[in-house]
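Text of start-v6.cif, listed as mmCIF, C-alpha atoms:
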data_data
loop_
_atom_site.group_PDB
_atom_site.id
_atom_site.type_symbol
_atom_site.label_atom_id
_atom_site.label_comp_id
_atom_site.auth_asym_id
_atom_site.auth_seq_id
_atom_site.Cartn_x
_atom_site.Cartn_y
_atom_site.Cartn_z
ATOM 1 C CA MET Z 10 -78.013 26.854 9.800
ATOM 2 C CA HIS Z 11 -77.095 28.689 6.598
ATOM 3 C CA ASP Z 12 -76.073 32.281 5.833
ATOM 4 C CA GLN Z 13 -79.503 32.955 4.306
ATOM 5 C CA GLN Z 14 -81.259 32.005 7.543
ATOM 6 C CA ILE Z 15 -79.043 34.347 9.531
ATOM 7 C CA LEU Z 16 -79.485 37.220 7.106
ATOM 8 C CA ASP Z 17 -83.272 36.865 6.948
ATOM 9 C CA THR Z 18 -84.629 39.057 9.760
ATOM 10 C CA GLY Z 19 -86.395 37.128 12.499
ATOM 11 C CA GLN Z 20 -85.539 33.691 11.133
ATOM 12 C CA VAL Z 21 -83.131 32.624 13.878
ATOM 13 C CA ASP Z 22 -82.526 33.086 17.577
ATOM 14 C CA PRO Z 23 -79.328 35.227 17.887
ATOM 15 C CA PRO Z 24 -77.694 33.227 20.704
ATOM 16 C CA ASP Z 25 -78.379 30.010 18.826
ATOM 17 C CA ALA Z 26 -76.885 31.447 15.632
ATOM 18 C CA VAL Z 27 -73.754 32.600 17.447
ATOM 19 C CA GLU Z 28 -73.247 29.188 19.045
ATOM 20 C CA ARG Z 29 -73.622 27.380 15.724
ATOM 21 C CA ILE Z 30 -71.131 29.705 14.055
ATOM 22 C CA ALA Z 31 -68.729 29.267 16.974
ATOM 23 C CA GLU Z 32 -69.033 25.493 16.688
ATOM 24 C CA GLU Z 33 -68.207 25.678 13.003
ATOM 25 C CA PHE Z 34 -65.123 27.759 13.807
ATOM 26 C CA ARG Z 35 -64.058 25.164 16.385
ATOM 27 C CA THR Z 36 -64.467 22.368 13.852
ATOM 28 C CA GLY Z 37 -62.628 24.310 11.152
ATOM 29 C CA PHE Z 38 -59.722 25.231 13.409
ATOM 30 C CA ALA Z 39 -59.362 21.606 14.530
ATOM 31 C CA LEU Z 40 -59.050 20.562 10.892
ATOM 32 C CA VAL Z 41 -56.536 23.327 10.196
ATOM 33 C CA GLU Z 42 -54.419 21.968 13.059
ATOM 34 C CA ARG Z 43 -54.120 18.704 11.125
ATOM 35 C CA ILE Z 44 -52.221 20.485 8.342
ATOM 36 C CA ASP Z 45 -48.686 19.635 9.451
ATOM 37 C CA ARG Z 46 -46.697 21.521 6.808
ATOM 38 C CA PRO Z 47 -46.715 24.869 4.996
ATOM 39 C CA ALA Z 48 -49.854 25.285 2.908
ATOM 40 C CA VAL Z 49 -50.961 27.207 -0.152
ATOM 41 C CA ALA Z 50 -54.553 27.937 -1.156
ATOM 42 C CA LEU Z 51 -55.387 27.473 -4.842
ATOM 43 C CA PHE Z 52 -58.576 28.991 -6.253
ATOM 44 C CA GLY Z 53 -60.326 29.019 -9.603
ATOM 45 C CA SER Z 54 -63.481 28.130 -11.481
ATOM 46 C CA ALA Z 55 -65.579 25.115 -10.550
ATOM 47 C CA ARG Z 56 -66.965 25.113 -14.098
ATOM 48 C CA VAL Z 57 -63.965 23.938 -16.123
ATOM 49 C CA GLY Z 58 -63.289 20.380 -17.196
ATOM 50 C CA GLU Z 59 -60.142 18.329 -17.675
ATOM 51 C CA ASP Z 60 -59.707 19.689 -21.193
ATOM 52 C CA HIS Z 61 -59.456 23.316 -20.001
ATOM 53 C CA PRO Z 62 -55.989 24.927 -19.771
ATOM 54 C CA ALA Z 63 -56.727 26.175 -16.241
ATOM 55 C CA TYR Z 64 -57.414 22.599 -15.095
ATOM 56 C CA ALA Z 65 -54.152 21.369 -16.572
ATOM 57 C CA ALA Z 66 -52.162 24.241 -15.065
ATOM 58 C CA ALA Z 67 -53.713 23.851 -11.611
ATOM 59 C CA ARG Z 68 -53.007 20.123 -11.648
ATOM 60 C CA VAL Z 69 -49.335 20.719 -12.432
ATOM 61 C CA THR Z 70 -49.095 23.495 -9.839
ATOM 62 C CA GLY Z 71 -50.642 21.299 -7.141
ATOM 63 C CA ARG Z 72 -48.209 18.511 -7.969
ATOM 64 C CA LEU Z 73 -45.227 20.881 -7.821
ATOM 65 C CA PHE Z 74 -46.266 22.269 -4.438
ATOM 66 C CA ALA Z 75 -46.655 18.722 -3.099
ATOM 67 C CA GLY Z 76 -43.219 17.806 -4.391
ATOM 68 C CA ARG Z 77 -41.823 20.741 -2.435
ATOM 69 C CA GLY Z 78 -43.411 19.491 0.769
ATOM 70 C CA TRP Z 79 -46.421 21.802 0.830
ATOM 71 C CA ALA Z 80 -50.081 21.102 1.509
ATOM 72 C CA VAL Z 81 -52.611 22.240 -1.099
ATOM 73 C CA VAL Z 82 -55.866 23.783 0.162
ATOM 74 C CA THR Z 83 -58.834 24.382 -2.146
ATOM 75 C CA GLY Z 84 -62.573 24.841 -1.985
ATOM 76 C CA GLY Z 85 -62.852 21.084 -2.366
ATOM 77 C CA GLY Z 86 -65.170 21.116 -5.375
ATOM 78 C CA PRO Z 87 -64.837 20.381 -9.091
ATOM 79 C CA GLY Z 88 -62.938 22.231 -11.824
ATOM 80 C CA VAL Z 89 -59.740 24.017 -10.829
ATOM 81 C CA MET Z 90 -60.203 22.866 -7.226
ATOM 82 C CA GLU Z 91 -60.308 19.232 -8.273
ATOM 83 C CA ALA Z 92 -57.282 19.721 -10.506
ATOM 84 C CA ALA Z 93 -55.181 21.239 -7.721
ATOM 85 C CA ASN Z 94 -56.170 18.536 -5.224
ATOM 86 C CA ARG Z 95 -55.550 15.874 -7.838
ATOM 87 C CA GLY Z 96 -52.089 17.224 -8.522
ATOM 88 C CA ALA Z 97 -51.311 17.329 -4.801
ATOM 89 C CA LYS Z 98 -52.268 13.668 -4.451
ATOM 90 C CA GLU Z 99 -50.222 12.732 -7.517
ATOM 91 C CA GLY Z 100 -47.244 14.516 -5.975
ATOM 92 C CA GLY Z 101 -47.589 12.605 -2.708
ATOM 93 C CA GLY Z 102 -48.657 15.684 -0.771
ATOM 94 C CA LEU Z 103 -51.428 16.606 1.641
ATOM 95 C CA SER Z 104 -54.645 17.564 -0.158
ATOM 96 C CA VAL Z 105 -57.248 19.645 1.710
ATOM 97 C CA GLY Z 106 -60.741 20.678 0.603
ATOM 98 C CA PHE Z 107 -62.905 23.187 2.461
ATOM 99 C CA ASN Z 108 -66.235 22.970 0.670
ATOM 100 C CA ILE Z 109 -69.391 25.086 1.112
ATOM 101 C CA GLU Z 110 -73.089 24.209 1.251
ATOM 102 C CA LEU Z 111 -74.811 25.731 -1.790
ATOM 103 C CA PRO Z 112 -78.420 25.698 -3.065
ATOM 104 C CA HIS Z 113 -77.185 23.555 -5.935
ATOM 105 C CA GLU Z 114 -74.966 21.103 -4.123
ATOM 106 C CA GLN Z 115 -71.236 21.251 -4.881
ATOM 107 C CA SER Z 116 -69.962 17.757 -4.198
ATOM 108 C CA PRO Z 117 -66.448 17.268 -2.810
ATOM 109 C CA ASN Z 118 -63.958 16.029 -5.368
ATOM 110 C CA GLY Z 119 -62.357 12.624 -4.973
ATOM 111 C CA TYR Z 120 -58.800 13.756 -4.192
ATOM 112 C CA LEU Z 121 -59.009 14.936 -0.575
ATOM 113 C CA ASP Z 122 -57.133 13.812 2.537
ATOM 114 C CA ILE Z 123 -58.827 16.378 4.801
ATOM 115 C CA GLU Z 124 -62.290 17.658 3.933
ATOM 116 C CA TYR Z 125 -65.141 19.581 5.481
ATOM 117 C CA THR Z 126 -68.259 21.277 4.128
ATOM 118 C CA PHE Z 127 -68.979 24.631 5.760
ATOM 119 C CA ALA Z 128 -72.380 26.254 6.147
ATOM 120 C CA HIS Z 129 -71.000 29.809 6.383
ATOM 121 C CA PHE Z 130 -68.767 31.506 3.835
ATOM 122 C CA TYR Z 131 -67.010 33.734 6.371
ATOM 123 C CA VAL Z 132 -65.961 30.800 8.569
ATOM 124 C CA ARG Z 133 -64.679 29.011 5.495
ATOM 125 C CA LYS Z 134 -62.660 32.068 4.434
ATOM 126 C CA VAL Z 135 -60.916 32.249 7.789
ATOM 127 C CA CYS Z 136 -59.992 28.583 7.488
ATOM 128 C CA PHE Z 137 -58.519 29.223 4.031
ATOM 129 C CA VAL Z 138 -56.300 32.017 5.279
ATOM 130 C CA LYS Z 139 -55.296 30.559 8.655
ATOM 131 C CA PRO Z 140 -53.017 27.741 7.381
ATOM 132 C CA SER Z 141 -51.940 29.345 4.107
ATOM 133 C CA GLU Z 142 -48.695 31.102 3.264
ATOM 134 C CA GLY Z 143 -50.098 32.444 -0.002
ATOM 135 C CA PHE Z 144 -52.789 32.175 -2.688
ATOM 136 C CA VAL Z 145 -52.494 31.116 -6.314
ATOM 137 C CA ILE Z 146 -55.566 32.220 -8.235
ATOM 138 C CA PHE Z 147 -56.511 30.657 -11.557
ATOM 139 C CA PRO Z 148 -59.212 31.897 -13.948
ATOM 140 C CA GLY Z 149 -62.611 31.955 -12.292
ATOM 141 C CA GLY Z 150 -65.762 33.929 -11.602
ATOM 142 C CA PHE Z 151 -67.338 35.804 -8.701
ATOM 143 C CA GLY Z 152 -66.182 33.378 -6.015
ATOM 144 C CA THR Z 153 -62.611 33.466 -7.270
ATOM 145 C CA LEU Z 154 -62.655 37.268 -7.427
ATOM 146 C CA ASP Z 155 -64.055 37.373 -3.901
ATOM 147 C CA GLU Z 156 -61.171 35.299 -2.567
ATOM 148 C CA MET Z 157 -58.621 37.427 -4.422
ATOM 149 C CA TYR Z 158 -59.918 40.773 -3.166
ATOM 150 C CA GLU Z 159 -60.374 39.385 0.346
ATOM 151 C CA ALA Z 160 -56.695 38.393 0.399
ATOM 152 C CA LEU Z 161 -55.588 41.764 -0.964
ATOM 153 C CA THR Z 162 -57.666 43.618 1.636
ATOM 154 C CA LEU Z 163 -56.193 41.547 4.466
ATOM 155 C CA ILE Z 164 -52.668 42.336 3.281
ATOM 156 C CA GLN Z 165 -53.394 46.007 2.588
ATOM 157 C CA THR Z 166 -54.805 46.502 6.093
ATOM 158 C CA GLY Z 167 -52.030 44.571 7.796
ATOM 159 C CA LYS Z 168 -54.199 41.687 9.009
ATOM 160 C CA VAL Z 169 -51.833 39.156 7.421
ATOM 161 C CA LYS Z 170 -48.178 39.488 6.474
ATOM 162 C CA HIS Z 171 -45.829 37.726 4.043
ATOM 163 C CA PHE Z 172 -48.755 36.582 1.944
ATOM 164 C CA PRO Z 173 -48.074 36.364 -1.812
ATOM 165 C CA VAL Z 174 -51.077 36.561 -4.144
ATOM 166 C CA VAL Z 175 -50.289 35.060 -7.537
ATOM 167 C CA LEU Z 176 -52.602 35.383 -10.539
ATOM 168 C CA PHE Z 177 -52.186 32.587 -13.066
ATOM 169 C CA ASP Z 178 -52.792 33.394 -16.764
ATOM 170 C CA SER Z 179 -51.758 36.916 -17.713
ATOM 171 C CA ASP Z 180 -54.198 37.025 -20.617
ATOM 172 C CA TYR Z 181 -57.188 36.227 -18.397
ATOM 173 C CA TRP Z 182 -56.320 38.774 -15.713
ATOM 174 C CA GLY Z 183 -54.737 41.400 -17.959
ATOM 175 C CA GLU Z 184 -57.730 43.729 -18.454
ATOM 176 C CA MET Z 185 -58.524 43.717 -14.743
ATOM 177 C CA LEU Z 186 -54.935 44.633 -13.930
ATOM 178 C CA ASP Z 187 -54.995 47.391 -16.541
ATOM 179 C CA TRP Z 188 -58.156 48.780 -14.917
ATOM 180 C CA ILE Z 189 -56.544 48.677 -11.476
ATOM 181 C CA ARG Z 190 -53.490 50.532 -12.743
ATOM 182 C CA ASP Z 191 -55.226 52.941 -15.120
ATOM 183 C CA ARG Z 192 -58.258 53.820 -12.996
ATOM 184 C CA LEU Z 193 -57.822 52.883 -9.335
ATOM 185 C CA LEU Z 194 -54.172 53.882 -9.132
ATOM 186 C CA ARG Z 195 -54.565 57.010 -11.272
ATOM 187 C CA GLU Z 196 -57.456 58.205 -9.099
ATOM 188 C CA SER Z 197 -55.542 57.367 -5.904
ATOM 189 C CA MET Z 198 -58.063 54.733 -4.843
ATOM 190 C CA VAL Z 199 -55.086 52.437 -4.207
ATOM 191 C CA SER Z 200 -51.381 53.057 -3.764
ATOM 192 C CA PRO Z 201 -48.524 51.761 -5.942
ATOM 193 C CA ALA Z 202 -47.617 49.393 -3.086
ATOM 194 C CA ASP Z 203 -51.131 47.943 -3.219
ATOM 195 C CA VAL Z 204 -50.797 47.171 -6.923
ATOM 196 C CA ASP Z 205 -47.430 45.525 -6.261
ATOM 197 C CA LEU Z 206 -49.153 42.969 -4.021
ATOM 198 C CA LEU Z 207 -50.282 41.089 -7.133
ATOM 199 C CA HIS Z 208 -47.911 38.798 -9.016
ATOM 200 C CA VAL Z 209 -48.776 37.434 -12.453
ATOM 201 C CA THR Z 210 -47.402 34.355 -14.185
ATOM 202 C CA ASN Z 211 -48.128 31.773 -16.868
ATOM 203 C CA ASP Z 212 -45.666 29.241 -15.460
ATOM 204 C CA PRO Z 213 -46.557 26.714 -12.718
ATOM 205 C CA GLU Z 214 -42.951 26.549 -11.526
ATOM 206 C CA GLU Z 215 -42.825 30.331 -11.147
ATOM 207 C CA ALA Z 216 -46.151 30.310 -9.305
ATOM 208 C CA VAL Z 217 -44.733 27.843 -6.797
ATOM 209 C CA GLU Z 218 -41.517 29.816 -6.386
ATOM 210 C CA LEU Z 219 -43.373 33.101 -5.819
ATOM 211 C CA VAL Z 220 -45.142 31.553 -2.815
ATOM 212 C CA ALA Z 221 -42.684 28.975 -1.517
ATOM 213 C CA GLY Z 222 -39.469 30.924 -2.101
ATOM 214 C CA PRO Z 223 -40.121 33.815 0.325
ATOM 215 C CA TYR Z 224 -41.470 31.428 2.968
ATOM 216 C CA GLU Z 225 -38.438 29.160 2.765
ATOM 217 C CA LEU Z 226 -36.058 32.126 2.981
ATOM 218 C CA ARG Z 227 -37.709 33.168 6.265
ATOM 219 C CA ARG Z 228 -37.272 29.734 7.844
#
Would you write the structure of this file as structure tokens?
Amino acid sequence: MHDQQILDTGQVDPPDAVERIAEEFRTGFALVERIDRPAVALFGSARVGEDHPAYAAARVTGRLFAGRGWAVVTGGGPGVMEAANRGAKEGGGLSVGFNIELPHEQSPNGYLDIEYTFAHFYVRKVCFVKPSEGFVIFPGGFGTLDEMYEALTLIQTGKVKHFPVVLFDSDYWGEMLDWIRDRLLRESMVSPADVDLLHVTNDPEEAVELVAGPYELRR
């Protein structure tokens, strides 16, 4: 059962829909329990190839996290996701991919130790956040933006704590950050503390330190 079926009025029996969603949560949580170390979620475009700078950077970042003893969690697909999982495998770490069923199938990449394809975006999102100590977000489109703003909203509203959100590539994210500061902050749509939730870097080592450093200090 897909999100579209649930959202189309009269297409599903409500108790049946609830049970299927609950079963997907049970499956997702069981997989999360297999992640036996601190984890970071890496996001970014599925549309970039090996020759793209974001692919290269995500691959290095995944490898560095693995070398530090962290699991790398992605959406399990191609592009930046593949690069991060590939780097995690190259670094001898645990590589996790939580994929999603789409009208145009997004096949799992070939660098996954734990993988699952979800039918529902909201279940998948919970399973991204549940094991993760932070997000590193590479250049991407609507899906990447969705994950970023979801994380910021969870932190802003106190649903998760100690959760760094790192944007990789200052040039790519610069105009969005300027808009947040110049429009949202100026019009009091967000607070200065909200803006400070976002970290920006062009360095894979710094990206790893921004997530792993605070976690390791708390241990």
- [ ] Return as a ChimeraX atom specification the set of residues that the PyMOL selection byres ((chain Z and resi 222) around 12) yields on the displayed structure.
- [x] /Z:47,74,77,79,142-143,171-173,214-221,223-228
TODO: Apply the PyMOL selection byres ((chain Z and resi 156) around 12) to the file shown and report the selected residues as a VMD selection string.
DONE: chain Z and resid 50 to 54 83 to 84 130 to 131 133 to 135 137 to 138 143 to 147 149 to 155 157 to 163 174 to 176
Open item on the list: Could you check the closest approach to Val81 of chain Z for each of Z:Ser141, Z:Thr166, Z:Thr36, Z:Ser179 and tell me which residue wins, using all atoms listed in the file?
Closed with: Z:Ser141
Name all residues at most 12 Å from segment 115-127 of chain Z (count all atoms listed in the file; drop same-chain ones fewer than 5 positions away) and give them as a short mmCIF file (atom, residue, chain, number, x, y, z; two decimals) with C-alpha atoms, in the frame of the given file.
data_model
loop_
_atom_site.label_atom_id
_atom_site.label_comp_id
_atom_site.auth_asym_id
_atom_site.auth_seq_id
_atom_site.Cartn_x
_atom_site.Cartn_y
_atom_site.Cartn_z
CA MET Z 10 -78.01 26.85 9.80
CA HIS Z 11 -77.10 28.69 6.60
CA ASP Z 12 -76.07 32.28 5.83
CA ARG Z 29 -73.62 27.38 15.72
CA ILE Z 30 -71.13 29.70 14.06
CA GLU Z 32 -69.03 25.49 16.69
CA GLU Z 33 -68.21 25.68 13.00
CA PHE Z 34 -65.12 27.76 13.81
CA ARG Z 35 -64.06 25.16 16.39
CA THR Z 36 -64.47 22.37 13.85
CA GLY Z 37 -62.63 24.31 11.15
CA PHE Z 38 -59.72 25.23 13.41
CA ALA Z 39 -59.36 21.61 14.53
CA LEU Z 40 -59.05 20.56 10.89
CA VAL Z 41 -56.54 23.33 10.20
CA GLU Z 42 -54.42 21.97 13.06
CA ARG Z 43 -54.12 18.70 11.12
CA ILE Z 44 -52.22 20.48 8.34
CA ASP Z 45 -48.69 19.64 9.45
CA ALA Z 55 -65.58 25.12 -10.55
CA ARG Z 56 -66.96 25.11 -14.10
CA ARG Z 68 -53.01 20.12 -11.65
CA GLY Z 71 -50.64 21.30 -7.14
CA ALA Z 80 -50.08 21.10 1.51
CA VAL Z 81 -52.61 22.24 -1.10
CA VAL Z 82 -55.87 23.78 0.16
CA THR Z 83 -58.83 24.38 -2.15
CA GLY Z 84 -62.57 24.84 -1.98
CA GLY Z 85 -62.85 21.08 -2.37
CA GLY Z 86 -65.17 21.12 -5.38
CA PRO Z 87 -64.84 20.38 -9.09
CA GLY Z 88 -62.94 22.23 -11.82
CA VAL Z 89 -59.74 24.02 -10.83
CA MET Z 90 -60.20 22.87 -7.23
CA GLU Z 91 -60.31 19.23 -8.27
CA ALA Z 92 -57.28 19.72 -10.51
CA ALA Z 93 -55.18 21.24 -7.72
CA ASN Z 94 -56.17 18.54 -5.22
CA ARG Z 95 -55.55 15.87 -7.84
CA GLY Z 96 -52.09 17.22 -8.52
CA ALA Z 97 -51.31 17.33 -4.80
CA LYS Z 98 -52.27 13.67 -4.45
CA GLU Z 99 -50.22 12.73 -7.52
CA GLY Z 100 -47.24 14.52 -5.98
CA GLY Z 101 -47.59 12.60 -2.71
CA GLY Z 102 -48.66 15.68 -0.77
CA LEU Z 103 -51.43 16.61 1.64
CA SER Z 104 -54.64 17.56 -0.16
CA VAL Z 105 -57.25 19.64 1.71
CA GLY Z 106 -60.74 20.68 0.60
CA PHE Z 107 -62.90 23.19 2.46
CA ASN Z 108 -66.24 22.97 0.67
CA ILE Z 109 -69.39 25.09 1.11
CA GLU Z 110 -73.09 24.21 1.25
CA VAL Z 132 -65.96 30.80 8.57
CA ARG Z 133 -64.68 29.01 5.50
CA LYS Z 134 -62.66 32.07 4.43
CA VAL Z 135 -60.92 32.25 7.79
CA CYS Z 136 -59.99 28.58 7.49
CA PHE Z 137 -58.52 29.22 4.03
#
- [ ] Might you spell out which residues the PyMOL selection byres ((chain Z and resi 189-202) around 12) would select in the displayed file, as a ChimeraX atom specification?
- [x] /Z:158,161-162,164-166,182-188,203-207
File of the preceding selection, C-alpha atoms, as a PDB file, in the frame of the given file:
ATOM      1  CA  TYR Z 158     -59.918  40.773  -3.166  1.00  0.00           C
ATOM      2  CA  LEU Z 161     -55.588  41.764  -0.964  1.00  0.00           C
ATOM      3  CA  THR Z 162     -57.666  43.618   1.636  1.00  0.00           C
ATOM      4  CA  ILE Z 164     -52.668  42.336   3.281  1.00  0.00           C
ATOM      5  CA  GLN Z 165     -53.394  46.007   2.588  1.00  0.00           C
ATOM      6  CA  THR Z 166     -54.805  46.502   6.093  1.00  0.00           C
ATOM      7  CA  TRP Z 182     -56.320  38.774 -15.713  1.00  0.00           C
ATOM      8  CA  GLY Z 183     -54.737  41.400 -17.959  1.00  0.00           C
ATOM      9  CA  GLU Z 184     -57.730  43.729 -18.454  1.00  0.00           C
ATOM     10  CA  MET Z 185     -58.524  43.717 -14.743  1.00  0.00           C
ATOM     11  CA  LEU Z 186     -54.935  44.633 -13.930  1.00  0.00           C
ATOM     12  CA  ASP Z 187     -54.995  47.391 -16.541  1.00  0.00           C
ATOM     13  CA  TRP Z 188     -58.156  48.780 -14.917  1.00  0.00           C
ATOM     14  CA  ASP Z 203     -51.131  47.943  -3.219  1.00  0.00           C
ATOM     15  CA  VAL Z 204     -50.797  47.171  -6.923  1.00  0.00           C
ATOM     16  CA  ASP Z 205     -47.430  45.525  -6.261  1.00  0.00           C
ATOM     17  CA  LEU Z 206     -49.153  42.969  -4.021  1.00  0.00           C
ATOM     18  CA  LEU Z 207     -50.282  41.089  -7.133  1.00  0.00           C
TER      19      LEU Z 207
END
- [ ] Figure out the distance between atom CA of Asp178 of chain Z and atom CA of Tyr64 of chain Z, please, to one decimal in Å.
- [x] 11.9 Å
Restore N, CA and C atoms in segment 170-192 of chain Z and list the result as a compact mmCIF listing (two decimals), in the coordinates of the input.
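Saved to result.txt:
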# COMPACT_ATOMS: atom_id res chain seq x y z
N LYS Z 170 -49.45 39.04 7.02
CA LYS Z 170 -48.18 39.49 6.47
C LYS Z 170 -47.54 38.36 5.68
N HIS Z 171 -46.57 38.72 4.82
CA HIS Z 171 -45.83 37.73 4.04
C HIS Z 171 -46.79 36.79 3.32
N PHE Z 172 -47.67 37.36 2.54
CA PHE Z 172 -48.76 36.58 1.94
C PHE Z 172 -48.82 36.86 0.45
N PRO Z 173 -48.04 36.13 -0.37
CA PRO Z 173 -48.07 36.36 -1.81
C PRO Z 173 -49.43 36.01 -2.42
N VAL Z 174 -49.87 36.84 -3.36
CA VAL Z 174 -51.08 36.56 -4.14
C VAL Z 174 -50.66 36.49 -5.61
N VAL Z 175 -50.77 35.31 -6.18
CA VAL Z 175 -50.29 35.06 -7.54
C VAL Z 175 -51.48 34.81 -8.45
N LEU Z 176 -51.57 35.58 -9.53
CA LEU Z 176 -52.60 35.38 -10.54
C LEU Z 176 -52.01 34.55 -11.68
N PHE Z 177 -52.68 33.46 -12.01
CA PHE Z 177 -52.19 32.59 -13.07
C PHE Z 177 -52.97 32.85 -14.35
N ASP Z 178 -52.25 33.13 -15.42
CA ASP Z 178 -52.79 33.39 -16.76
C ASP Z 178 -52.90 34.90 -17.00
N SER Z 179 -51.83 35.46 -17.51
CA SER Z 179 -51.76 36.92 -17.71
C SER Z 179 -52.82 37.41 -18.69
N ASP Z 180 -53.18 36.60 -19.66
CA ASP Z 180 -54.20 37.02 -20.62
C ASP Z 180 -55.56 37.15 -19.94
N TYR Z 181 -55.89 36.20 -19.07
CA TYR Z 181 -57.19 36.23 -18.40
C TYR Z 181 -57.31 37.43 -17.47
N TRP Z 182 -56.26 37.73 -16.72
CA TRP Z 182 -56.32 38.77 -15.71
C TRP Z 182 -55.86 40.14 -16.22
N GLY Z 183 -55.37 40.19 -17.47
CA GLY Z 183 -54.74 41.40 -17.96
C GLY Z 183 -55.62 42.64 -17.93
N GLU Z 184 -56.87 42.55 -18.40
CA GLU Z 184 -57.73 43.73 -18.45
C GLU Z 184 -58.08 44.22 -17.06
N MET Z 185 -58.25 43.30 -16.12
CA MET Z 185 -58.52 43.72 -14.74
C MET Z 185 -57.33 44.46 -14.16
N LEU Z 186 -56.13 43.97 -14.43
CA LEU Z 186 -54.94 44.63 -13.93
C LEU Z 186 -54.75 46.00 -14.58
N ASP Z 187 -55.07 46.09 -15.87
CA ASP Z 187 -55.00 47.39 -16.54
C ASP Z 187 -55.96 48.38 -15.90
N TRP Z 188 -57.17 47.92 -15.58
CA TRP Z 188 -58.16 48.78 -14.92
C TRP Z 188 -57.67 49.23 -13.55
N ILE Z 189 -57.07 48.31 -12.79
CA ILE Z 189 -56.54 48.68 -11.48
C ILE Z 189 -55.48 49.75 -11.61
N ARG Z 190 -54.59 49.56 -12.58
CA ARG Z 190 -53.49 50.53 -12.74
C ARG Z 190 -53.98 51.84 -13.34
N ASP Z 191 -54.84 51.75 -14.37
CA ASP Z 191 -55.23 52.94 -15.12
C ASP Z 191 -56.33 53.74 -14.45
N ARG Z 192 -57.15 53.12 -13.62
CA ARG Z 192 -58.26 53.82 -13.00
C ARG Z 192 -58.06 53.95 -11.48
